[in-house]
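*Asks:* Got a structure for you, work22.cif, holding mmCIF, C-alpha atoms and all ligand atoms.
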```
data_target
loop_
_atom_site.label_atom_id
_atom_site.label_comp_id
_atom_site.auth_asym_id
_atom_site.auth_seq_id
_atom_site.Cartn_x
_atom_site.Cartn_y
_atom_site.Cartn_z
CA MET A 1 20.22 -0.91 -12.83
CA ASN A 2 18.37 -0.88 -9.51
CA SER A 3 15.70 -3.49 -8.69
CA ILE A 4 12.80 -1.25 -9.74
CA GLU A 5 14.42 -0.67 -13.15
CA THR A 6 14.99 -4.42 -13.55
CA LEU A 7 11.36 -5.05 -12.60
CA GLN A 8 10.34 -2.62 -15.34
CA THR A 9 12.25 -4.69 -17.91
CA ILE A 10 10.52 -7.95 -16.93
CA THR A 11 7.00 -6.48 -16.67
CA LYS A 12 4.87 -7.14 -19.76
CA GLY A 13 1.90 -5.04 -18.70
CA THR A 14 1.70 -1.33 -17.83
CA PHE A 15 4.55 -0.01 -15.65
CA LEU A 16 4.29 3.61 -14.55
CA LYS A 17 7.43 4.69 -12.70
CA GLU A 18 7.07 7.28 -9.92
CA GLU A 19 3.37 7.47 -10.70
CA LYS A 20 1.29 9.79 -8.51
CA MET A 21 -1.44 7.87 -6.70
CA MET A 22 -3.74 10.92 -7.00
CA ASN A 23 -4.37 9.63 -10.53
CA HIS A 24 -5.68 6.35 -9.13
CA THR A 25 -7.80 7.26 -6.11
CA SER A 26 -11.39 8.47 -6.00
CA TYR A 27 -10.23 11.21 -3.60
CA GLY A 28 -7.81 12.44 -6.29
CA ILE A 29 -5.21 12.52 -3.51
CA GLY A 30 -1.87 10.76 -3.03
CA GLY A 31 1.85 11.12 -3.74
CA PRO A 32 4.05 8.89 -5.91
CA THR A 33 4.56 5.15 -5.69
CA GLN A 34 7.85 3.66 -6.93
CA ALA A 35 5.82 2.03 -9.69
CA TYR A 36 2.13 1.59 -10.46
CA ILE A 37 1.79 -1.73 -12.28
CA VAL A 38 -1.07 -3.33 -14.20
CA PRO A 39 0.13 -6.85 -15.12
CA LYS A 40 -0.68 -8.10 -18.62
CA ASP A 41 -2.08 -11.40 -17.37
CA LYS A 42 -1.73 -13.92 -14.52
CA ASN A 43 1.68 -15.16 -15.73
CA ASP A 44 2.98 -11.61 -15.76
CA LEU A 45 1.52 -11.09 -12.28
CA ALA A 46 3.29 -14.23 -11.00
CA GLN A 47 6.67 -13.05 -12.40
CA ILE A 48 6.24 -9.57 -10.90
CA LEU A 49 5.30 -10.94 -7.47
CA LYS A 50 8.20 -13.41 -7.44
CA PHE A 51 10.70 -10.73 -8.43
CA ALA A 52 9.37 -8.27 -5.84
CA ASN A 53 9.47 -10.97 -3.18
CA GLN A 54 13.02 -12.07 -4.00
CA ASN A 55 14.24 -8.48 -4.11
CA LYS A 56 12.38 -7.40 -0.96
CA ILE A 57 10.43 -4.69 -2.80
CA LYS A 58 7.46 -3.65 -0.65
CA THR A 59 4.31 -4.52 -2.60
CA TYR A 60 0.79 -3.17 -2.15
CA PHE A 61 -2.39 -4.28 -3.93
CA VAL A 62 -5.17 -1.91 -4.86
CA GLY A 63 -8.34 -2.01 -6.91
CA SER A 64 -9.75 1.26 -8.24
CA GLY A 65 -8.75 3.29 -5.17
CA SER A 66 -12.31 4.14 -4.09
CA ASN A 67 -11.63 3.36 -0.44
CA LEU A 68 -8.06 4.62 -0.20
CA LEU A 69 -6.34 7.55 1.46
CA VAL A 70 -2.73 7.76 0.24
CA SER A 71 -0.25 10.11 1.94
CA ASP A 72 1.11 13.18 0.15
CA LYS A 73 4.66 11.84 0.41
CA GLY A 74 3.54 8.67 -1.39
CA ILE A 75 4.36 5.00 -1.04
CA ASP A 76 7.76 3.45 -0.48
CA GLY A 77 7.12 0.39 -2.63
CA ILE A 78 5.22 -0.70 -5.70
CA VAL A 79 1.46 -0.78 -6.23
CA ILE A 80 -0.18 -3.54 -8.26
CA THR A 81 -3.73 -3.33 -9.59
CA LEU A 82 -5.45 -5.95 -11.71
CA GLY A 83 -7.66 -3.41 -13.44
CA LYS A 84 -8.69 -4.24 -16.96
CA ALA A 85 -6.00 -6.90 -17.42
CA ILE A 86 -7.58 -9.62 -15.30
CA ASN A 87 -11.29 -9.16 -15.77
CA GLU A 88 -12.98 -12.26 -17.09
CA PHE A 89 -16.65 -12.51 -16.19
CA ARG A 90 -19.23 -15.22 -16.87
CA ILE A 91 -22.58 -16.41 -15.63
CA ASN A 92 -23.57 -20.05 -15.77
CA GLY A 93 -27.08 -20.67 -14.37
CA ASP A 94 -27.00 -19.36 -10.81
CA GLN A 95 -23.19 -19.38 -10.67
CA VAL A 96 -21.13 -16.25 -11.34
CA TYR A 97 -17.38 -16.27 -12.00
CA ALA A 98 -15.58 -12.94 -11.93
CA GLU A 99 -11.94 -11.88 -11.85
CA SER A 100 -10.78 -9.14 -9.50
CA GLY A 101 -10.41 -6.43 -12.13
CA VAL A 102 -14.12 -6.53 -12.99
CA MET A 103 -16.00 -3.54 -11.65
CA LEU A 104 -18.50 -4.48 -8.96
CA GLY A 105 -21.12 -2.37 -10.77
CA LYS A 106 -20.85 -4.58 -13.85
CA ILE A 107 -21.29 -7.76 -11.79
CA VAL A 108 -24.36 -6.35 -10.04
CA LYS A 109 -25.94 -5.14 -13.29
CA GLU A 110 -25.31 -8.43 -15.14
CA CYS A 111 -26.78 -10.41 -12.24
CA ILE A 112 -29.89 -8.21 -12.25
CA LYS A 113 -30.21 -8.68 -16.04
CA ASN A 114 -30.07 -12.44 -15.51
CA ASN A 115 -32.68 -12.32 -12.70
CA LEU A 116 -30.15 -13.45 -10.14
CA SER A 117 -30.84 -12.07 -6.68
CA GLY A 118 -28.36 -11.43 -3.86
CA LEU A 119 -26.10 -8.57 -4.90
CA GLU A 120 -28.64 -5.94 -6.03
CA SER A 121 -28.39 -3.86 -2.85
CA LEU A 122 -24.74 -3.19 -3.82
CA ILE A 123 -25.81 -1.22 -6.89
CA GLY A 124 -23.80 2.00 -6.97
CA VAL A 125 -20.90 0.84 -4.76
CA PRO A 126 -17.81 1.91 -6.74
CA GLY A 127 -14.71 -0.23 -7.13
CA THR A 128 -13.48 -3.58 -8.35
CA LEU A 129 -14.41 -7.06 -7.21
CA GLY A 130 -10.98 -7.41 -5.50
CA GLY A 131 -11.52 -4.31 -3.37
CA ALA A 132 -15.09 -5.33 -2.60
CA LEU A 133 -13.97 -8.73 -1.27
CA ILE A 134 -11.19 -7.31 0.89
CA MET A 135 -13.56 -4.66 2.29
CA ASN A 136 -16.56 -7.00 2.45
CA ALA A 137 -18.38 -4.17 0.70
CA GLY A 138 -21.98 -3.80 1.75
CA ALA A 139 -24.99 -1.58 1.45
CA PHE A 140 -28.58 -1.52 2.64
CA GLY A 141 -28.36 -4.90 4.37
CA GLY A 142 -26.42 -6.86 1.72
CA GLU A 143 -22.73 -7.79 1.77
CA ILE A 144 -20.53 -9.13 -1.04
CA SER A 145 -19.56 -12.18 1.07
CA ASN A 146 -23.16 -13.39 1.51
CA TYR A 147 -23.28 -15.45 -1.68
CA LEU A 148 -19.59 -16.22 -2.04
CA GLU A 149 -18.54 -19.82 -2.75
CA GLN A 150 -14.84 -19.65 -3.52
CA VAL A 151 -11.98 -17.19 -3.86
CA THR A 152 -8.70 -17.60 -5.73
CA VAL A 153 -5.61 -15.69 -4.63
CA MET A 154 -1.96 -15.57 -5.68
CA SER A 155 0.78 -15.45 -3.07
CA MET A 156 4.07 -13.58 -3.31
CA ASP A 157 5.79 -16.71 -4.66
CA GLY A 158 3.41 -16.65 -7.65
CA ILE A 159 1.46 -19.69 -6.46
CA ILE A 160 -2.31 -19.82 -6.87
CA LYS A 161 -4.43 -20.90 -3.88
CA LYS A 162 -8.17 -21.41 -3.56
CA TYR A 163 -10.23 -20.72 -0.45
CA LYS A 164 -13.77 -21.90 0.21
CA ALA A 165 -15.94 -19.05 1.51
CA GLY A 166 -15.88 -20.50 5.05
CA GLU A 167 -12.08 -20.40 5.17
CA ILE A 168 -12.06 -16.58 5.15
CA GLU A 169 -13.82 -14.67 7.91
CA PHE A 170 -15.89 -11.71 6.81
CA SER A 171 -17.26 -9.09 9.14
CA TYR A 172 -18.49 -5.50 8.82
CA ARG A 173 -16.17 -3.90 6.20
CA ASP A 174 -13.46 -6.40 7.02
CA SER A 175 -12.04 -9.76 5.99
CA THR A 176 -9.15 -11.98 7.03
CA PHE A 177 -7.35 -12.15 3.65
CA SER A 178 -3.56 -11.97 4.03
CA SER A 179 -1.91 -8.73 2.84
CA GLU A 180 0.69 -11.05 1.22
CA GLU A 181 -1.88 -12.48 -1.22
CA ILE A 182 -3.59 -10.78 -4.12
CA VAL A 183 -7.20 -11.76 -4.76
CA ILE A 184 -7.59 -12.75 -8.40
CA SER A 185 -11.09 -14.18 -8.80
CA ALA A 186 -14.22 -15.38 -7.05
CA ILE A 187 -17.23 -17.61 -7.63
CA PHE A 188 -20.69 -16.70 -6.29
CA LYS A 189 -23.85 -18.75 -6.14
CA LEU A 190 -26.87 -16.48 -6.33
CA ILE A 191 -30.61 -17.05 -6.09
CA LYS A 192 -32.72 -17.39 -9.21
CA SER A 193 -35.53 -14.91 -8.84
CA ASP A 194 -38.04 -13.07 -10.98
CA ALA A 195 -37.26 -9.87 -12.84
CA LYS A 196 -39.78 -7.77 -10.88
CA THR A 197 -38.46 -8.63 -7.40
CA VAL A 198 -34.80 -8.13 -8.35
CA LYS A 199 -35.53 -4.79 -10.04
CA GLU A 200 -37.60 -3.52 -7.11
CA LYS A 201 -34.75 -4.24 -4.67
CA LYS A 202 -32.26 -2.52 -7.01
CA ILE A 203 -34.43 0.59 -7.42
CA LEU A 204 -34.87 0.86 -3.65
CA ALA A 205 -31.09 0.62 -3.01
CA SER A 206 -30.29 3.02 -5.82
CA GLY A 207 -32.80 5.61 -4.58
CA ASN A 208 -31.50 5.35 -0.99
CA ARG A 209 -27.93 5.93 -2.21
CA LYS A 210 -28.75 8.97 -4.34
CA ALA A 211 -30.72 10.53 -1.49
CA SER A 212 -28.08 9.97 1.17
CA GLN A 213 -24.67 10.44 -0.48
CA PRO A 214 -22.84 13.50 -1.90
CA LEU A 215 -22.11 11.80 -5.22
CA LYS A 216 -21.15 15.00 -7.08
CA PHE A 217 -17.86 15.40 -5.22
CA ARG A 218 -14.73 13.28 -4.97
CA SER A 219 -14.66 11.12 -1.84
CA ALA A 220 -13.75 7.64 -0.64
CA GLY A 221 -17.24 6.88 0.68
CA SER A 222 -17.62 6.53 4.44
CA VAL A 223 -14.50 7.58 6.30
CA PHE A 224 -15.39 5.77 9.54
CA LYS A 225 -17.09 2.47 10.31
CA ASN A 226 -20.38 2.79 12.14
CA PRO A 227 -19.63 2.15 15.83
CA ALA A 228 -21.80 -0.17 17.97
CA GLU A 229 -23.52 2.95 19.42
CA GLY A 230 -25.05 4.07 16.09
CA ALA A 231 -24.22 5.66 12.74
CA ALA A 232 -20.85 7.44 12.56
CA GLY A 233 -22.50 10.18 10.45
CA TYR A 234 -25.06 10.81 13.21
CA PHE A 235 -22.36 11.49 15.83
CA ILE A 236 -20.30 13.66 13.44
CA ASP A 237 -23.43 15.67 12.61
CA LYS A 238 -24.46 16.02 16.28
CA ALA A 239 -20.93 17.16 17.14
CA GLY A 240 -21.57 20.11 14.81
CA LEU A 241 -18.83 19.16 12.38
CA LYS A 242 -20.78 19.07 9.10
CA GLY A 243 -19.31 21.59 6.67
CA THR A 244 -15.97 21.90 8.55
CA LYS A 245 -13.21 22.66 6.05
CA VAL A 246 -9.44 22.28 6.02
CA GLY A 247 -8.00 23.55 2.77
CA ASP A 248 -10.07 22.08 -0.04
CA ALA A 249 -11.26 19.14 2.11
CA GLU A 250 -14.67 19.30 3.75
CA ILE A 251 -16.82 17.16 6.03
CA SER A 252 -19.78 16.88 3.70
CA SER A 253 -22.85 18.83 4.76
CA HIS A 254 -24.91 16.23 2.88
CA HIS A 255 -23.54 13.09 4.63
CA ALA A 256 -21.26 13.78 7.60
CA ASN A 257 -19.34 10.51 7.25
CA PHE A 258 -18.20 11.48 3.73
CA PHE A 259 -15.22 13.84 3.52
CA VAL A 260 -15.04 15.46 0.10
CA ASN A 261 -12.26 16.95 -2.01
CA HIS A 262 -13.34 20.18 -3.67
CA GLY A 263 -10.32 20.19 -5.98
CA GLU A 264 -6.91 20.64 -4.43
CA ALA A 265 -7.27 18.85 -1.08
CA LYS A 266 -4.16 17.16 0.31
CA ALA A 267 -3.99 13.95 2.34
CA SER A 268 -2.77 16.13 5.23
CA ASP A 269 -6.06 18.11 5.06
CA ILE A 270 -8.10 14.89 5.28
CA VAL A 271 -5.88 13.67 8.15
CA LYS A 272 -6.58 16.91 10.07
CA LEU A 273 -10.33 16.40 9.58
CA ILE A 274 -10.05 12.76 10.69
CA ARG A 275 -8.17 13.69 13.87
CA LEU A 276 -10.56 16.57 14.64
CA THR A 277 -13.58 14.29 14.12
CA LYS A 278 -12.22 11.45 16.25
CA GLU A 279 -11.28 13.86 19.05
CA THR A 280 -14.55 15.79 19.05
CA VAL A 281 -16.85 12.75 18.83
CA ASN A 282 -14.89 11.01 21.58
CA LYS A 283 -15.00 14.07 23.85
CA LYS A 284 -18.70 14.80 23.29
CA PHE A 285 -20.14 11.28 23.20
CA GLY A 286 -17.44 8.94 24.51
CA VAL A 287 -17.54 7.14 21.15
CA MET A 288 -14.28 5.98 19.53
CA LEU A 289 -14.54 6.11 15.74
CA GLU A 290 -12.51 3.62 13.73
CA LEU A 291 -11.37 4.25 10.15
CA GLU A 292 -13.17 2.44 7.35
CA VAL A 293 -10.96 3.91 4.60
CA LYS A 294 -7.68 2.10 4.08
CA THR A 295 -4.54 4.17 4.37
CA LEU A 296 -1.24 3.80 2.50
CA GLY A 297 2.08 5.58 2.99
CA PHE A 298 1.53 7.04 6.49
CA ASN A 299 3.75 6.69 9.56
CA SER A 300 2.20 4.59 12.29
CA GLY A 301 0.29 6.69 14.80
CA THR A 302 -0.76 9.32 12.23
CA PHE A 303 -4.44 8.71 12.87
CA ASP A 304 -4.30 8.27 16.65
CA VAL A 305 -5.80 10.94 18.87
C1 LIG B 1 -19.10 7.54 -3.51
C2 LIG B 1 -18.68 6.28 -2.79
C3 LIG B 1 -19.66 5.49 -2.22
C4 LIG B 1 -19.29 4.30 -1.54
N1 LIG B 1 -20.28 3.53 -1.00
C5 LIG B 1 -19.94 2.36 -0.39
C6 LIG B 1 -20.96 1.50 0.16
O1 LIG B 1 -22.15 1.79 0.08
N2 LIG B 1 -20.56 0.36 0.74
C7 LIG B 1 -19.24 -0.01 0.83
O2 LIG B 1 -18.94 -1.09 1.37
N3 LIG B 1 -18.26 0.79 0.34
C8 LIG B 1 -18.57 1.96 -0.28
N4 LIG B 1 -17.58 2.76 -0.78
C9 LIG B 1 -16.17 2.39 -0.59
C10 LIG B 1 -15.55 1.57 -1.75
O3 LIG B 1 -16.28 1.78 -2.93
C11 LIG B 1 -15.52 0.08 -1.45
O4 LIG B 1 -14.78 -0.19 -0.30
C12 LIG B 1 -14.93 -0.73 -2.62
O5 LIG B 1 -15.26 -2.09 -2.44
C13 LIG B 1 -13.43 -0.57 -2.80
O6 LIG B 1 -13.05 -1.17 -4.04
P1 LIG B 1 -11.75 -0.70 -4.82
O7 LIG B 1 -11.54 -1.62 -5.96
O8 LIG B 1 -11.81 0.73 -5.15
O9 LIG B 1 -10.65 -0.99 -3.72
P2 LIG B 1 -9.45 -0.04 -3.22
O10 LIG B 1 -10.01 1.18 -2.59
O11 LIG B 1 -8.47 0.14 -4.31
O12 LIG B 1 -8.81 -0.97 -2.09
C14 LIG B 1 -9.53 -1.27 -0.90
C15 LIG B 1 -8.75 -2.32 -0.12
O13 LIG B 1 -8.71 -3.54 -0.84
C16 LIG B 1 -7.36 -3.96 -1.10
N5 LIG B 1 -7.38 -4.58 -2.44
C17 LIG B 1 -8.01 -4.09 -3.55
N6 LIG B 1 -7.93 -4.98 -4.56
C18 LIG B 1 -7.25 -6.05 -4.08
C19 LIG B 1 -6.87 -7.31 -4.63
N7 LIG B 1 -7.16 -7.68 -5.88
N8 LIG B 1 -6.18 -8.18 -3.84
C20 LIG B 1 -5.86 -7.86 -2.57
N9 LIG B 1 -6.18 -6.68 -1.99
C21 LIG B 1 -6.88 -5.79 -2.73
C22 LIG B 1 -6.53 -2.70 -0.96
O14 LIG B 1 -5.23 -3.00 -0.56
C23 LIG B 1 -7.29 -1.93 0.12
O15 LIG B 1 -6.92 -2.44 1.39
C24 LIG B 1 -17.92 3.94 -1.45
C25 LIG B 1 -16.95 4.76 -2.05
C26 LIG B 1 -17.32 5.92 -2.72
C27 LIG B 1 -16.25 6.76 -3.36
#
```
Can you present the structure in this file as C-alpha cells?
*Replies:*
Amino acid sequence: MNSIETLQTITKGTFLKEEKMMNHTSYGIGGPTQAYIVPKDKNDLAQILKFANQNKIKTYFVGSGSNLLVSDKGIDGIVITLGKAINEFRINGDQVYAESGVMLGKIVKECIKNNLSGLESLIGVPGTLGGALIMNAGAFGGEISNYLEQVTVMSMDGIIKKYKAGEIEFSYRDSTFSSEEIVISAIFKLIKSDAKTVKEKKILASGNRKASQPLKFRSAGSVFKNPAEGAAGYFIDKAGLKGTKVGDAEISSHHANFFVNHGEAKASDIVKLIRLTKETVNKKFGVMLELEVKTLGFNSGTFDV
C-alpha cells in the first residue's frame, strides 16, 4: 500500500482519490489531485495532517475554489477542504463565531438578520469563511478582516493555535497566514445597528455587484489585483482586450478583469489570456498587473511575462 492508500484507510470523512479539481472550482477547470479530502471533524483533520506531514505528502488547503486556477495536469499532492464538515456558526450579542466551512454568504445574511453591521458590503462574495480570511475578501469598501477578533488554525502536527487579529497582517486581498496552517474558525465583533441602515448598505452593495459583474458565467472573480495606478479592469478595457477569446475562455466584455469559462475552457487557455493581458497592459501603460487568483499545480514562471 502506498502512503495515499494508507491515508485513505485512516480518513473518516470523504476521500476522493484522483479527483478532478474541475469539480471543485468556480471556473470548472483543473486536473486531478492525488486525493480531495473533506475531514469528518477536527479530530479527523488532525490525524490526516499528522499523517501527511510524517509521510511528506504535499498538502494544499482550499475552500470552495472560487478564487482558484488549477492547472490541467493537476496537483501533485492532496487537497483538504473543510466544507460542510466543519461549519458551526453562532451569534451571541455582537459576537459572531464561525468555522471555516461556513459560506461567507450565510455569515453576512445572518449578521444582517441580527442587525449587526460591518460585513454587509460583502454580500454576494462567493466562498467559505476560510478562503475569505486568507484572501482578506473585500467589496465596496469593506474587508473581512475589519471586525475580526481572533482566528484559530491547525498546524501540520495537528496542534490548534489561536491568533489575535493583530497577530496576522491583512492587506488588499492578502494575509500573512502560513501555508502550513489550515484556518479552522474565527470570531468577529460587529456593530449593533438598526435594521434600516444595515439593509440599505446591503442593497447598495448587492446592486453594485449585479450591475458590474458577469454573474451568469463561470469565473473566479477578479483575475488581477487593482494596481496603484487604478482599476485593473480599466487598463484591460483601454488596451482593447475585452471580448478576447482563447478556446472557450474569454476576457469578459461585461467586466474586463473577469475571465469567463463558456464551457470547455482549459487552464492553459486562461494562462494564455493572463500572459497576453499582462504583456499588453505593461506595453501600453507601463503597468504591471499582479494576479489576485491563487494558482495550484503550475511550474514556477508560468505566469511571468
Ligand atoms: C463571481 C465572483 C465574484 C467575486 N467577487 C469577489 C469580491 O467582490 N471580493 C473578493 O474579495 N473576492 C471575490 N471573489 C473571489 C472569491 O470569492 C474570494 O476570494 C473568496 O473569499 C474565496 O473563498 P473560497 O472559499 O472559494 O476560497 P478558495 O478559492 O478555495 O481559496 C482561496 C485561497 O484561500 C486558501 N484557503 C481556503 N480555505 C482555507 C483554509 N480553511 N485554511 C487555509 N487556507 C485556505 C486557498 O489555499 C487559496 O489560497 C469573487 C469570485 C467570484 C467567482
*Asks:* What does the structure give for the distance between atom O14 of ligand LIG 1 (chain B) and atom CA of A:Tyr60, in Å to one decimal?
*Replies:* 6.2 Å
*Asks:* Counting only C-alpha atoms and all ligand atoms, name the residues that have an atom within 7 Å of an atom of ligand LIG 1 (chain B); the answer should be given as a PyMOL selection string.
*Replies:* chain A and resi 26+60-68+81-82+100+122+125-139+173+179+181-184+213+215+218-222+294
*Asks:* Could you write out that same residue set with C-alpha atoms as a PDB file, keeping the file's coordinate frame?
*Replies:*
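Printed below is result.pdb as written:
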```
ATOM      1  CA  SER A  26     -11.390   8.470  -6.000  1.00  0.00           C
ATOM      2  CA  TYR A  60       0.790  -3.170  -2.150  1.00  0.00           C
ATOM      3  CA  PHE A  61      -2.390  -4.280  -3.930  1.00  0.00           C
ATOM      4  CA  VAL A  62      -5.170  -1.910  -4.860  1.00  0.00           C
ATOM      5  CA  GLY A  63      -8.340  -2.010  -6.910  1.00  0.00           C
ATOM      6  CA  SER A  64      -9.750   1.260  -8.240  1.00  0.00           C
ATOM      7  CA  GLY A  65      -8.750   3.290  -5.170  1.00  0.00           C
ATOM      8  CA  SER A  66     -12.310   4.140  -4.090  1.00  0.00           C
ATOM      9  CA  ASN A  67     -11.630   3.360  -0.440  1.00  0.00           C
ATOM     10  CA  LEU A  68      -8.060   4.620  -0.200  1.00  0.00           C
ATOM     11  CA  THR A  81      -3.730  -3.330  -9.590  1.00  0.00           C
ATOM     12  CA  LEU A  82      -5.450  -5.950 -11.710  1.00  0.00           C
ATOM     13  CA  SER A 100     -10.780  -9.140  -9.500  1.00  0.00           C
ATOM     14  CA  LEU A 122     -24.740  -3.190  -3.820  1.00  0.00           C
ATOM     15  CA  VAL A 125     -20.900   0.840  -4.760  1.00  0.00           C
ATOM     16  CA  PRO A 126     -17.810   1.910  -6.740  1.00  0.00           C
ATOM     17  CA  GLY A 127     -14.710  -0.230  -7.130  1.00  0.00           C
ATOM     18  CA  THR A 128     -13.480  -3.580  -8.350  1.00  0.00           C
ATOM     19  CA  LEU A 129     -14.410  -7.060  -7.210  1.00  0.00           C
ATOM     20  CA  GLY A 130     -10.980  -7.410  -5.500  1.00  0.00           C
ATOM     21  CA  GLY A 131     -11.520  -4.310  -3.370  1.00  0.00           C
ATOM     22  CA  ALA A 132     -15.090  -5.330  -2.600  1.00  0.00           C
ATOM     23  CA  LEU A 133     -13.970  -8.730  -1.270  1.00  0.00           C
ATOM     24  CA  ILE A 134     -11.190  -7.310   0.890  1.00  0.00           C
ATOM     25  CA  MET A 135     -13.560  -4.660   2.290  1.00  0.00           C
ATOM     26  CA  ASN A 136     -16.560  -7.000   2.450  1.00  0.00           C
ATOM     27  CA  ALA A 137     -18.380  -4.170   0.700  1.00  0.00           C
ATOM     28  CA  GLY A 138     -21.980  -3.800   1.750  1.00  0.00           C
ATOM     29  CA  ALA A 139     -24.990  -1.580   1.450  1.00  0.00           C
ATOM     30  CA  ARG A 173     -16.170  -3.900   6.200  1.00  0.00           C
ATOM     31  CA  SER A 179      -1.910  -8.730   2.840  1.00  0.00           C
ATOM     32  CA  GLU A 181      -1.880 -12.480  -1.220  1.00  0.00           C
ATOM     33  CA  ILE A 182      -3.590 -10.780  -4.120  1.00  0.00           C
ATOM     34  CA  VAL A 183      -7.200 -11.760  -4.760  1.00  0.00           C
ATOM     35  CA  ILE A 184      -7.590 -12.750  -8.400  1.00  0.00           C
ATOM     36  CA  GLN A 213     -24.670  10.440  -0.480  1.00  0.00           C
ATOM     37  CA  LEU A 215     -22.110  11.800  -5.220  1.00  0.00           C
ATOM     38  CA  ARG A 218     -14.730  13.280  -4.970  1.00  0.00           C
ATOM     39  CA  SER A 219     -14.660  11.120  -1.840  1.00  0.00           C
ATOM     40  CA  ALA A 220     -13.750   7.640  -0.640  1.00  0.00           C
ATOM     41  CA  GLY A 221     -17.240   6.880   0.680  1.00  0.00           C
ATOM     42  CA  SER A 222     -17.620   6.530   4.440  1.00  0.00           C
ATOM     43  CA  LYS A 294      -7.680   2.100   4.080  1.00  0.00           C
TER      44      LYS A 294
END
```
*Asks:* Of the candidates A:Ile78, A:Val260, A:Ala205, A:Leu69, which one gets nearest to A:Gly124 if we count all atoms listed in the file?
*Replies:*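 With all atoms listed in the file as the atom set, the closest residue is A:Ala205.
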*Asks:* When you count all atoms listed in the file, which of these residues is closest to A:Pro32: A:Val246, A:Ile274, A:Val223, A:Leu296?
*Replies:*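 Closest to A:Pro32, using all atoms listed in the file: A:Leu296.
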*Asks:* Dump as a ChimeraX atom specification all residues having an atom at most 10 Å from (-16.9, -17.1, -10.3), computed in the file's coordinates with all atoms listed in the file.
*Replies:* /A:88-92,95-99,148-152,185-189
*Asks:* Please build the interface table for stretch 193-297 of chain A against stretch 110-120 of chain A with a cut-off of 6 Å, listing for each qualifying residue the nearest atom pair and the distance in Å to one decimal; count only C-alpha atoms, order rows by chain and increasing number, and write it as JSON lines.
*Replies:*
```
{"residue": "A:Ser193", "atom": "CA", "partner": "A:Asn115", "partner_atom": "CA", "distance": 5.5}
{"residue": "A:Asp194", "atom": "CA", "partner": "A:Asn115", "partner_atom": "CA", "distance": 5.7}
{"residue": "A:Ala195", "atom": "CA", "partner": "A:Asn115", "partner_atom": "CA", "distance": 5.2}
{"residue": "A:Val198", "atom": "CA", "partner": "A:Ser117", "partner_atom": "CA", "distance": 5.8}
{"residue": "A:Lys202", "atom": "CA", "partner": "A:Glu120", "partner_atom": "CA", "distance": 5.1}
```
*Asks:* Would you work out the distance separating atom CA of A:Glu169 from atom CA of A:Asn146, expressed in Å to one decimal?
*Replies:*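 Interatomic distance, atom CA of A:Glu169 to atom CA of A:Asn146: 11.4 Å.
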*Asks:* One decimal, in Å: what's the spacing between atom CA of A:Ala256 and atom CA of A:Gly233?
*Replies:*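 That distance, rounded to one decimal, is 4.8 Å.
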*Asks:* Determine, counting only C-alpha atoms, which protein, DNA and RNA residues have an atom within 12 Å of an atom of A:Ser253; residues of the same chain fewer than 3 positions away are not included. Present the result as a PDB file with C-alpha atoms, keeping the file's coordinate frame.
*Replies:*
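Produced file around.pdb, reproduced below:
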```pdb
ATOM      1  CA  SER A 212     -28.080   9.970   1.170  1.00  0.00           C
ATOM      2  CA  GLN A 213     -24.670  10.440  -0.480  1.00  0.00           C
ATOM      3  CA  PRO A 214     -22.840  13.500  -1.900  1.00  0.00           C
ATOM      4  CA  PHE A 217     -17.860  15.400  -5.220  1.00  0.00           C
ATOM      5  CA  GLY A 233     -22.500  10.180  10.450  1.00  0.00           C
ATOM      6  CA  TYR A 234     -25.060  10.810  13.210  1.00  0.00           C
ATOM      7  CA  ILE A 236     -20.300  13.660  13.440  1.00  0.00           C
ATOM      8  CA  ASP A 237     -23.430  15.670  12.610  1.00  0.00           C
ATOM      9  CA  LYS A 238     -24.460  16.020  16.280  1.00  0.00           C
ATOM     10  CA  GLY A 240     -21.570  20.110  14.810  1.00  0.00           C
ATOM     11  CA  LEU A 241     -18.830  19.160  12.380  1.00  0.00           C
ATOM     12  CA  LYS A 242     -20.780  19.070   9.100  1.00  0.00           C
ATOM     13  CA  GLY A 243     -19.310  21.590   6.670  1.00  0.00           C
ATOM     14  CA  THR A 244     -15.970  21.900   8.550  1.00  0.00           C
ATOM     15  CA  LYS A 245     -13.210  22.660   6.050  1.00  0.00           C
ATOM     16  CA  ALA A 249     -11.260  19.140   2.110  1.00  0.00           C
ATOM     17  CA  GLU A 250     -14.670  19.300   3.750  1.00  0.00           C
ATOM     18  CA  ALA A 256     -21.260  13.780   7.600  1.00  0.00           C
ATOM     19  CA  ASN A 257     -19.340  10.510   7.250  1.00  0.00           C
ATOM     20  CA  PHE A 258     -18.200  11.480   3.730  1.00  0.00           C
ATOM     21  CA  PHE A 259     -15.220  13.840   3.520  1.00  0.00           C
ATOM     22  CA  VAL A 260     -15.040  15.460   0.100  1.00  0.00           C
TER      23      VAL A 260
END
```
